[in-house]
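Peer 1: Starting off with a structure, shown below.
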Amino acid sequence: MRTRTEGGSRAGAVEVDLRHHGDVEVRGRGELVDLAVNVRAGTPPSWLKECVAESLDGLAAYPDGRVARAAVAARHGVAPERVLLTAGAAEAFVLLARALRVRRPVVVHPQFTEPEAALRDAGHAVARVLLRAEDGFRLDPDAVPEDADLVVVGNPTNPTSVLHPAADLVRLARPGRVLVVDEAFMDAVPGEREALAGRVDVPGLVVLRSLTKTWGLAGLRIGYVLADPAVVAELSRAQPLWPVSSPALAAAEACMSPRALAEAGHVAHRVAAERRHLVAGLGVLAGVSVVGPAEGPFVLVRVAGGGGVRAGLRERGFAVRRGDTFPGLGPEWVRVAVRDRATADRFLSALGEALPPAP
């Protein structure tokens, strides 16, 4: 397996818009069917809305995260000292970039671009390990430079939807290195296979989780970090006072309940079935290939015609996530969120019409 590495300087890396995210594709375009954002459709559920609404009566008091923190700790079987609540997983990347003293950060791409953006903003020279389409964007632990003291990788990875084996991720860990695994979409994987959340035996492991995707809380901003207590304390010192609002804390506590975990498990199986339907439909279209096996609530698709196809889809009422703002991808790539079968069928029909004629 071959993997490209790009140097740790702004001049040495191929420049893309690291701050372009899927919400830009649909902003101000409410008439478009949103396949660009990975937040689950039809969320948050009514019971979760009620929990958040009930918290509004306590807005006069400063937020107290102790109960929510304990709930997250209990859900993963760790001590509360190993948990840090954050305003979404994105805040955690900023904290890591600002609080940790690292010399050689490496980000494994293609993946969510905010980790690299946060590291750059904090003044770090970031090296990239670029996984290849020819290898199915699979992780090769040996491709990560030995002197990297911070490594960031997603699992399942956004945008490729690849689920890396936990054993391969553990191979990246070593004394003196911080290993950050972004598990923002792990609750969409049935049984959370290959998850590292809750592991306390992996040196330097930092796991990030988000509650905004499965539960539709992107506007509320809630996520958390699982790490060694010393790392949690260091990140906490970089946070402002009361970083997570009372409604977000109420949501976090509710999402750790047995009811919520059972619902998330059912949703993961349903998403897997809907993803299989979408992938099967994509597989019969000429000029279309899908990265597989896909394990997240989205798929990465290579389409002949690139940007022209995206424009054609918008004309037909569908927004997808452009791929050329992810390091390692180009304009021929798009990310498509998994939706219900009826929506998928309409999208597949539109995509068939938008594709260029076969040669």
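Labels used: A, B, ... for chains in the order of the structure tokens, numbers from 1 for residues in each chain, and numbers from 1 for ligands as shown.
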Quick one: residues within 12 Å of Leu282 in chain A, only C-alpha atoms counted, chain neighbours fewer than 2 positions away excluded, as a VMD selection string?

Peer 2: chain A and resid 275 to 280 284 to 292 299 to 303 336 344 to 345 347 to 352 355

Peer 1: When DSSP works through the backbone of this structure, what residues of range 74-286 of chain A end up as strand (DSSP E), shown as a ChimeraX atom specification?

Peer 2: /A:83-86,105-109,127-130,150-154,178-182,205-210,223-227

Peer 1: Using only C-alpha atoms, which protein or nucleic acid residues come within 9 Å of Arg193 in chain A? Drop anything in the same chain fewer than 6 positions from it, and give the result as a PyMOL selection string.

Peer 2: chain A and resi 163+165-166+186

Peer 1: Save out the residues we just selected, N, CA, C and O atoms, as a compact mmCIF listing (two decimals), in the first residue's frame.

Peer 2:
# COMPACT_ATOMS: atom_id res chain seq x y z
N LEU A 163 -14.18 2.68 7.53
CA LEU A 163 -14.04 2.33 8.95
C LEU A 163 -12.72 1.58 9.10
O LEU A 163 -12.57 0.45 8.64
N PRO A 165 -9.78 -0.52 10.95
CA PRO A 165 -9.72 -1.46 12.07
C PRO A 165 -9.09 -0.81 13.30
O PRO A 165 -8.09 -0.09 13.20
N ALA A 166 -9.67 -1.07 14.45
CA ALA A 166 -9.14 -0.50 15.69
C ALA A 166 -7.69 -0.91 15.89
O ALA A 166 -6.87 -0.12 16.40
N MET A 186 -19.22 7.46 14.78
CA MET A 186 -19.16 6.07 15.21
C MET A 186 -20.50 5.55 15.67
O MET A 186 -20.80 4.35 15.52

Peer 1: Which neighbours of range 216-227 of chain A fall inside 6 Å, counting only C-alpha atoms, when residues of the same chain fewer than 6 positions from it are skipped, and could you give them as a PyMOL selection string?

Peer 2: chain A and resi 39-40+43-44+82-89+206-210+248

Peer 1: Convert the current residue selection to file output with all heavy atoms, as a CSV table (one decimal), in the first residue's frame.

Peer 2:
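Result went into again.csv, see below:
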chain,number,residue,atom,x,y,z
A,39,VAL,N,-26.0,15.6,9.0
A,39,VAL,CA,-26.9,15.5,10.2
A,39,VAL,C,-28.1,14.7,9.7
A,39,VAL,O,-28.7,14.9,8.7
A,39,VAL,CB,-27.4,16.9,10.6
A,39,VAL,CG1,-28.4,16.9,11.7
A,39,VAL,CG2,-26.2,17.7,11.1
A,40,ARG,N,-28.5,13.8,10.6
A,40,ARG,CA,-29.7,12.9,10.3
A,40,ARG,C,-30.9,13.7,10.1
A,40,ARG,O,-31.3,14.6,10.9
A,40,ARG,CB,-29.9,11.9,11.4
A,40,ARG,CG,-31.0,10.9,11.2
A,40,ARG,CD,-30.9,9.7,12.1
A,40,ARG,NE,-31.0,10.0,13.5
A,40,ARG,CZ,-32.1,9.9,14.2
A,40,ARG,NH1,-33.2,9.4,13.6
A,40,ARG,NH2,-32.2,10.2,15.5
A,43,THR,N,-34.5,15.2,12.7
A,43,THR,CA,-34.1,15.2,14.0
A,43,THR,C,-34.1,16.7,14.5
A,43,THR,O,-34.1,17.6,13.7
A,43,THR,CB,-32.7,14.7,14.2
A,43,THR,OG1,-31.8,15.3,13.2
A,43,THR,CG2,-32.7,13.2,14.0
A,44,PRO,N,-34.0,17.0,15.8
A,44,PRO,CA,-34.0,16.0,16.9
A,44,PRO,C,-35.3,15.4,17.1
A,44,PRO,O,-36.4,16.0,16.8
A,44,PRO,CB,-33.5,16.8,18.1
A,44,PRO,CG,-33.9,18.2,17.8
A,44,PRO,CD,-33.8,18.4,16.3
A,82,ARG,N,-11.9,11.7,33.0
A,82,ARG,CA,-11.4,11.4,31.6
A,82,ARG,C,-12.4,12.0,30.6
A,82,ARG,O,-12.2,11.7,29.4
A,82,ARG,CB,-11.3,9.9,31.4
A,82,ARG,CG,-10.4,9.2,32.3
A,82,ARG,CD,-10.2,7.7,31.9
A,82,ARG,NE,-9.5,7.6,30.7
A,82,ARG,CZ,-8.2,7.4,30.6
A,82,ARG,NH1,-7.4,7.4,31.7
A,82,ARG,NH2,-7.6,7.3,29.4
A,83,VAL,N,-13.3,12.8,31.0
A,83,VAL,CA,-14.3,13.4,30.1
A,83,VAL,C,-14.2,14.9,30.1
A,83,VAL,O,-14.2,15.6,31.1
A,83,VAL,CB,-15.8,13.0,30.5
A,83,VAL,CG1,-16.8,13.6,29.6
A,83,VAL,CG2,-15.9,11.5,30.5
A,84,LEU,N,-14.3,15.5,28.9
A,84,LEU,CA,-14.4,16.9,28.7
A,84,LEU,C,-15.5,17.2,27.8
A,84,LEU,O,-15.5,16.8,26.6
A,84,LEU,CB,-13.1,17.5,28.2
A,84,LEU,CG,-13.1,19.1,28.0
A,84,LEU,CD1,-13.1,19.8,29.4
A,84,LEU,CD2,-11.9,19.5,27.1
A,85,LEU,N,-16.5,18.0,28.3
A,85,LEU,CA,-17.6,18.4,27.4
A,85,LEU,C,-17.2,19.6,26.6
A,85,LEU,O,-16.6,20.6,27.1
A,85,LEU,CB,-18.9,18.7,28.3
A,85,LEU,CG,-19.4,17.5,29.2
A,85,LEU,CD1,-20.4,18.0,30.1
A,85,LEU,CD2,-19.9,16.4,28.3
A,86,THR,N,-17.6,19.6,25.3
A,86,THR,CA,-17.2,20.7,24.4
A,86,THR,C,-18.4,21.2,23.6
A,86,THR,O,-19.4,20.5,23.5
A,86,THR,CB,-16.1,20.3,23.5
A,86,THR,OG1,-16.6,19.1,22.7
A,86,THR,CG2,-14.9,19.9,24.2
A,87,ALA,N,-18.3,22.4,23.1
A,87,ALA,CA,-19.3,23.0,22.2
A,87,ALA,C,-19.2,22.3,20.8
A,87,ALA,O,-18.7,23.0,19.9
A,87,ALA,CB,-19.2,24.5,22.1
A,88,GLY,N,-19.5,21.1,20.7
A,88,GLY,CA,-19.3,20.3,19.5
A,88,GLY,C,-17.9,19.8,19.4
A,88,GLY,O,-17.0,20.3,20.1
A,89,ALA,N,-17.7,18.8,18.5
A,89,ALA,CA,-16.4,18.3,18.4
A,89,ALA,C,-15.4,19.3,17.8
A,89,ALA,O,-14.2,19.2,18.0
A,89,ALA,CB,-16.4,17.0,17.5
A,206,VAL,N,-6.7,10.1,22.5
A,206,VAL,CA,-7.8,11.1,22.7
A,206,VAL,C,-8.9,10.8,21.7
A,206,VAL,O,-8.6,10.8,20.5
A,206,VAL,CB,-7.2,12.5,22.4
A,206,VAL,CG1,-8.4,13.5,22.5
A,206,VAL,CG2,-6.1,12.9,23.4
A,207,VAL,N,-10.1,10.5,22.2
A,207,VAL,CA,-11.2,10.2,21.3
A,207,VAL,C,-12.2,11.3,21.4
A,207,VAL,O,-12.5,11.8,22.5
A,207,VAL,CB,-11.9,8.9,21.7
A,207,VAL,CG1,-13.2,8.6,20.9
A,207,VAL,CG2,-10.9,7.7,21.6
A,208,LEU,N,-12.6,11.8,20.2
A,208,LEU,CA,-13.6,12.8,20.1
A,208,LEU,C,-15.0,12.2,19.7
A,208,LEU,O,-15.0,11.4,18.7
A,208,LEU,CB,-13.2,13.9,19.1
A,208,LEU,CG,-12.3,15.0,19.6
A,208,LEU,CD1,-11.1,14.5,20.3
A,208,LEU,CD2,-11.8,15.9,18.4
A,209,ARG,N,-16.0,12.7,20.3
A,209,ARG,CA,-17.4,12.3,19.9
A,209,ARG,C,-18.2,13.5,19.7
A,209,ARG,O,-18.1,14.5,20.4
A,209,ARG,CB,-18.0,11.4,21.0
A,209,ARG,CG,-17.5,9.9,21.1
A,209,ARG,CD,-18.0,9.1,19.9
A,209,ARG,NE,-17.5,7.7,19.9
A,209,ARG,CZ,-18.3,6.7,20.2
A,209,ARG,NH1,-19.6,6.8,20.4
A,209,ARG,NH2,-17.8,5.5,20.1
A,210,SER,N,-19.2,13.4,18.8
A,210,SER,CA,-20.2,14.5,18.6
A,210,SER,C,-21.6,13.9,18.8
A,210,SER,O,-21.9,12.8,18.5
A,210,SER,CB,-20.0,15.0,17.1
A,210,SER,OG,-21.1,15.8,16.8
A,248,ALA,N,-27.5,22.5,26.1
A,248,ALA,CA,-26.6,21.5,25.5
A,248,ALA,C,-26.3,20.4,26.5
A,248,ALA,O,-26.2,19.2,26.2
A,248,ALA,CB,-25.4,22.2,25.0

Peer 1: Quick one: residues within 9 Å of Leu249 in chain A, only C-alpha atoms counted, chain neighbours fewer than 6 positions away excluded, as a list in words?

Peer 2: Val52, Ser55, Pro63, Asp64, Gly65, Val67, Ala68, Arg69, Leu85 and Ile222 of chain A

Peer 1: With N, CA, C and O atoms retained, write the just-selected residues as a tab-separated table (two decimals), in the first residue's frame.

Peer 2:
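again-v6.tsv, freshly written:
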chain	number	residue	atom	x	y	z
A	52	VAL	N	-34.65	19.41	26.06
A	52	VAL	CA	-33.99	20.70	25.86
A	52	VAL	C	-34.92	21.84	26.31
A	52	VAL	O	-34.50	22.79	26.98
A	55	SER	N	-35.10	22.46	29.99
A	55	SER	CA	-33.91	23.09	30.57
A	55	SER	C	-33.98	24.62	30.51
A	55	SER	O	-33.23	25.30	31.22
A	63	PRO	N	-24.30	27.43	33.80
A	63	PRO	CA	-24.31	25.98	33.48
A	63	PRO	C	-23.45	25.18	34.45
A	63	PRO	O	-22.38	25.62	34.86
A	64	ASP	N	-23.94	24.01	34.82
A	64	ASP	CA	-23.21	23.08	35.68
A	64	ASP	C	-23.14	21.74	34.95
A	64	ASP	O	-24.14	21.05	34.81
A	65	GLY	N	-21.97	21.39	34.47
A	65	GLY	CA	-21.82	20.22	33.62
A	65	GLY	C	-21.55	18.92	34.35
A	65	GLY	O	-21.30	17.90	33.70
A	67	VAL	N	-23.38	16.69	36.05
A	67	VAL	CA	-24.29	15.56	35.81
A	67	VAL	C	-24.10	15.02	34.40
A	67	VAL	O	-24.02	13.79	34.19
A	68	ALA	N	-24.02	15.90	33.41
A	68	ALA	CA	-23.82	15.45	32.03
A	68	ALA	C	-22.48	14.76	31.87
A	68	ALA	O	-22.36	13.74	31.18
A	69	ARG	N	-21.46	15.30	32.54
A	69	ARG	CA	-20.13	14.69	32.46
A	69	ARG	C	-20.15	13.29	33.06
A	69	ARG	O	-19.57	12.34	32.49
A	85	LEU	N	-16.52	17.99	28.26
A	85	LEU	CA	-17.63	18.39	27.42
A	85	LEU	C	-17.24	19.62	26.61
A	85	LEU	O	-16.62	20.55	27.14
A	222	ILE	N	-22.80	20.41	20.82
A	222	ILE	CA	-22.44	19.58	21.96
A	222	ILE	C	-21.65	18.37	21.50
A	222	ILE	O	-22.01	17.70	20.53

Peer 1: Report as a PyMOL selection string all protein, DNA and RNA residues lying within 12 Å of His20 in chain A, evaluated on only C-alpha atoms, omitting residues in the same chain fewer than 5 positions from it.

Peer 2: chain A and resi 25+36-37+112-114+117+321-327

Peer 1: Which is closest to Val33 in chain A among A:Gly317, A:Pro156, A:Pro356, A:Pro297, if we use only C-alpha atoms?

Peer 2: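 Closest residue, counting only C-alpha atoms: A:Gly317.
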
Peer 1: Neighbours of Arg98 in chain A within 10 Å (only C-alpha atoms; same-chain residues fewer than 6 positions away dropped), as a PDB file with C-alpha atoms, in the first residue's frame?

Peer 2:
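Wrote it out as part_15.pdb, contents follow:
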ATOM      1  CA  ALA A  92     -12.156  20.107  20.723  1.00  0.00           C
ATOM      2  CA  ALA A 118      -7.271  24.684  13.816  1.00  0.00           C
ATOM      3  CA  LEU A 119      -3.657  23.549  13.959  1.00  0.00           C
ATOM      4  CA  ASP A 121      -4.491  28.870  13.041  1.00  0.00           C
ATOM      5  CA  ALA A 122      -2.538  28.034  16.200  1.00  0.00           C
ATOM      6  CA  GLY A 123       0.720  28.470  14.292  1.00  0.00           C
ATOM      7  CA  HIS A 124       1.616  24.818  13.691  1.00  0.00           C
ATOM      8  CA  LEU A 235      -7.643  21.155  27.463  1.00  0.00           C
ATOM      9  CA  ALA A 238      -7.833  26.426  27.419  1.00  0.00           C
ATOM     10  CA  GLN A 239     -11.638  26.592  27.510  1.00  0.00           C
TER      11      GLN A 239
END

Peer 1: Rank A:Leu35, A:Leu150, A:Ala268, A:Val338 by their smallest atom-to-atom distance to Phe298 in chain A, using only C-alpha atoms, and report the top residue only.

Peer 2: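 The answer is A:Val338, which sits nearest to Phe298 in chain A.
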
Peer 1: Apply DSSP to the backbone of this structure and, from range 250-335 of chain A, keep only the residues in alpha helix (DSSP H); write these as number ranges by chain.

Peer 2: A: 250-255, 258-283, 307-315

Peer 1: Grab the residues selected above and save them as a compact mmCIF listing (two decimals), in the first residue's frame with N, CA and C atoms.

Peer 2:
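As a result, out36.txt now contains:
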# COMPACT_ATOMS: atom_id res chain seq x y z
N ALA A 250 -28.20 19.50 29.02
CA ALA A 250 -29.39 18.67 29.17
C ALA A 250 -29.48 17.66 28.03
N ALA A 251 -29.15 18.10 26.82
CA ALA A 251 -29.18 17.20 25.67
C ALA A 251 -28.14 16.09 25.82
N ALA A 252 -26.95 16.45 26.29
CA ALA A 252 -25.90 15.45 26.46
C ALA A 252 -26.33 14.38 27.46
N GLU A 253 -26.89 14.81 28.57
CA GLU A 253 -27.35 13.84 29.57
C GLU A 253 -28.43 12.93 28.98
N ALA A 254 -29.37 13.51 28.24
CA ALA A 254 -30.45 12.73 27.66
C ALA A 254 -29.94 11.73 26.64
N CYS A 255 -28.93 12.12 25.85
CA CYS A 255 -28.41 11.24 24.80
C CYS A 255 -27.58 10.09 25.35
N PRO A 258 -30.35 5.03 28.51
CA PRO A 258 -30.58 3.74 27.83
C PRO A 258 -31.54 3.87 26.66
N ARG A 259 -32.56 4.70 26.81
CA ARG A 259 -33.51 4.91 25.72
C ARG A 259 -32.81 5.47 24.49
N ALA A 260 -31.97 6.47 24.70
CA ALA A 260 -31.28 7.10 23.58
C ALA A 260 -30.30 6.13 22.93
N LEU A 261 -29.56 5.38 23.73
CA LEU A 261 -28.59 4.45 23.17
C LEU A 261 -29.29 3.35 22.37
N ALA A 262 -30.45 2.89 22.84
CA ALA A 262 -31.20 1.89 22.09
C ALA A 262 -31.69 2.47 20.77
N GLU A 263 -32.19 3.70 20.81
CA GLU A 263 -32.67 4.34 19.58
C GLU A 263 -31.52 4.53 18.59
N ALA A 264 -30.37 4.96 19.09
CA ALA A 264 -29.21 5.14 18.21
C ALA A 264 -28.81 3.83 17.55
N GLY A 265 -28.90 2.75 18.30
CA GLY A 265 -28.59 1.44 17.72
C GLY A 265 -29.53 1.07 16.60
N HIS A 266 -30.83 1.32 16.80
CA HIS A 266 -31.81 1.04 15.74
C HIS A 266 -31.56 1.92 14.53
N VAL A 267 -31.25 3.18 14.77
CA VAL A 267 -30.98 4.11 13.67
C VAL A 267 -29.78 3.64 12.86
N ALA A 268 -28.74 3.17 13.55
CA ALA A 268 -27.54 2.71 12.85
C ALA A 268 -27.86 1.57 11.89
N HIS A 269 -28.69 0.64 12.31
CA HIS A 269 -29.07 -0.47 11.43
C HIS A 269 -29.93 0.03 10.26
N ARG A 270 -30.81 0.96 10.53
CA ARG A 270 -31.64 1.51 9.45
C ARG A 270 -30.79 2.27 8.43
N VAL A 271 -29.85 3.05 8.93
CA VAL A 271 -28.96 3.79 8.02
C VAL A 271 -28.16 2.82 7.17
N ALA A 272 -27.70 1.72 7.76
CA ALA A 272 -26.93 0.73 7.00
C ALA A 272 -27.76 0.16 5.86
N ALA A 273 -29.04 -0.12 6.13
CA ALA A 273 -29.91 -0.65 5.07
C ALA A 273 -30.15 0.39 3.99
N GLU A 274 -30.38 1.64 4.40
CA GLU A 274 -30.60 2.71 3.42
C GLU A 274 -29.34 2.99 2.61
N ARG A 275 -28.19 2.83 3.24
CA ARG A 275 -26.92 3.03 2.53
C ARG A 275 -26.73 1.94 1.48
N ARG A 276 -27.05 0.71 1.82
CA ARG A 276 -26.93 -0.38 0.84
C ARG A 276 -27.80 -0.11 -0.37
N HIS A 277 -29.00 0.41 -0.14
CA HIS A 277 -29.90 0.73 -1.26
C HIS A 277 -29.30 1.81 -2.13
N LEU A 278 -28.76 2.84 -1.52
CA LEU A 278 -28.15 3.93 -2.28
C LEU A 278 -26.95 3.43 -3.08
N VAL A 279 -26.08 2.66 -2.44
CA VAL A 279 -24.87 2.18 -3.12
C VAL A 279 -25.24 1.27 -4.28
N ALA A 280 -26.25 0.43 -4.09
CA ALA A 280 -26.68 -0.44 -5.19
C ALA A 280 -27.17 0.39 -6.37
N GLY A 281 -27.92 1.46 -6.12
CA GLY A 281 -28.40 2.31 -7.20
C GLY A 281 -27.28 3.04 -7.90
N LEU A 282 -26.28 3.49 -7.13
CA LEU A 282 -25.12 4.16 -7.73
C LEU A 282 -24.32 3.21 -8.59
N GLY A 283 -24.31 1.95 -8.20
CA GLY A 283 -23.49 0.96 -8.90
C GLY A 283 -23.93 0.67 -10.32
N GLY A 307 -17.64 18.96 -11.36
CA GLY A 307 -18.42 20.14 -11.01
C GLY A 307 -19.65 20.32 -11.86
N GLY A 308 -19.60 19.91 -13.11
CA GLY A 308 -20.79 20.01 -13.96
C GLY A 308 -21.92 19.15 -13.46
N VAL A 309 -21.59 18.00 -12.92
CA VAL A 309 -22.63 17.12 -12.36
C VAL A 309 -23.24 17.75 -11.12
N ARG A 310 -22.42 18.36 -10.27
CA ARG A 310 -22.96 19.02 -9.08
C ARG A 310 -23.93 20.14 -9.49
N ALA A 311 -23.54 20.91 -10.51
CA ALA A 311 -24.42 21.97 -10.98
C ALA A 311 -25.71 21.39 -11.54
N GLY A 312 -25.60 20.29 -12.27
CA GLY A 312 -26.80 19.65 -12.82
C GLY A 312 -27.71 19.13 -11.73
N LEU A 313 -27.14 18.63 -10.66
CA LEU A 313 -27.94 18.16 -9.54
C LEU A 313 -28.67 19.31 -8.87
N ARG A 314 -28.00 20.45 -8.71
CA ARG A 314 -28.64 21.62 -8.11
C ARG A 314 -29.81 22.09 -8.97
N GLU A 315 -29.65 22.04 -10.27
CA GLU A 315 -30.75 22.41 -11.16
C GLU A 315 -31.94 21.48 -10.98

Peer 1: Here is a test: counting only C-alpha atoms, which residue of A:Gly328, A:Asp57, A:Ala97, A:Gly42 is nearest to Leu130 in chain A?

Peer 2: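 The closest residue to Leu130 in chain A is A:Gly328.
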
Peer 1: Quick one: distance from CA of Val106 in chain A to CA of Ala230 in chain A in Å, one decimal?

Peer 2: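 For CA of Val106 in chain A relative to CA of Ala230 in chain A, the distance reads 21.8 Å.
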
Peer 1: Please determine, counting only C-alpha atoms, which residue among A:Thr214, A:Val202, A:Ala41, A:Gly176 has the shortest atom-to-atom distance to Ala188 in chain A.

Peer 2: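 For Ala188 in chain A, the nearest of the candidates is A:Thr214.
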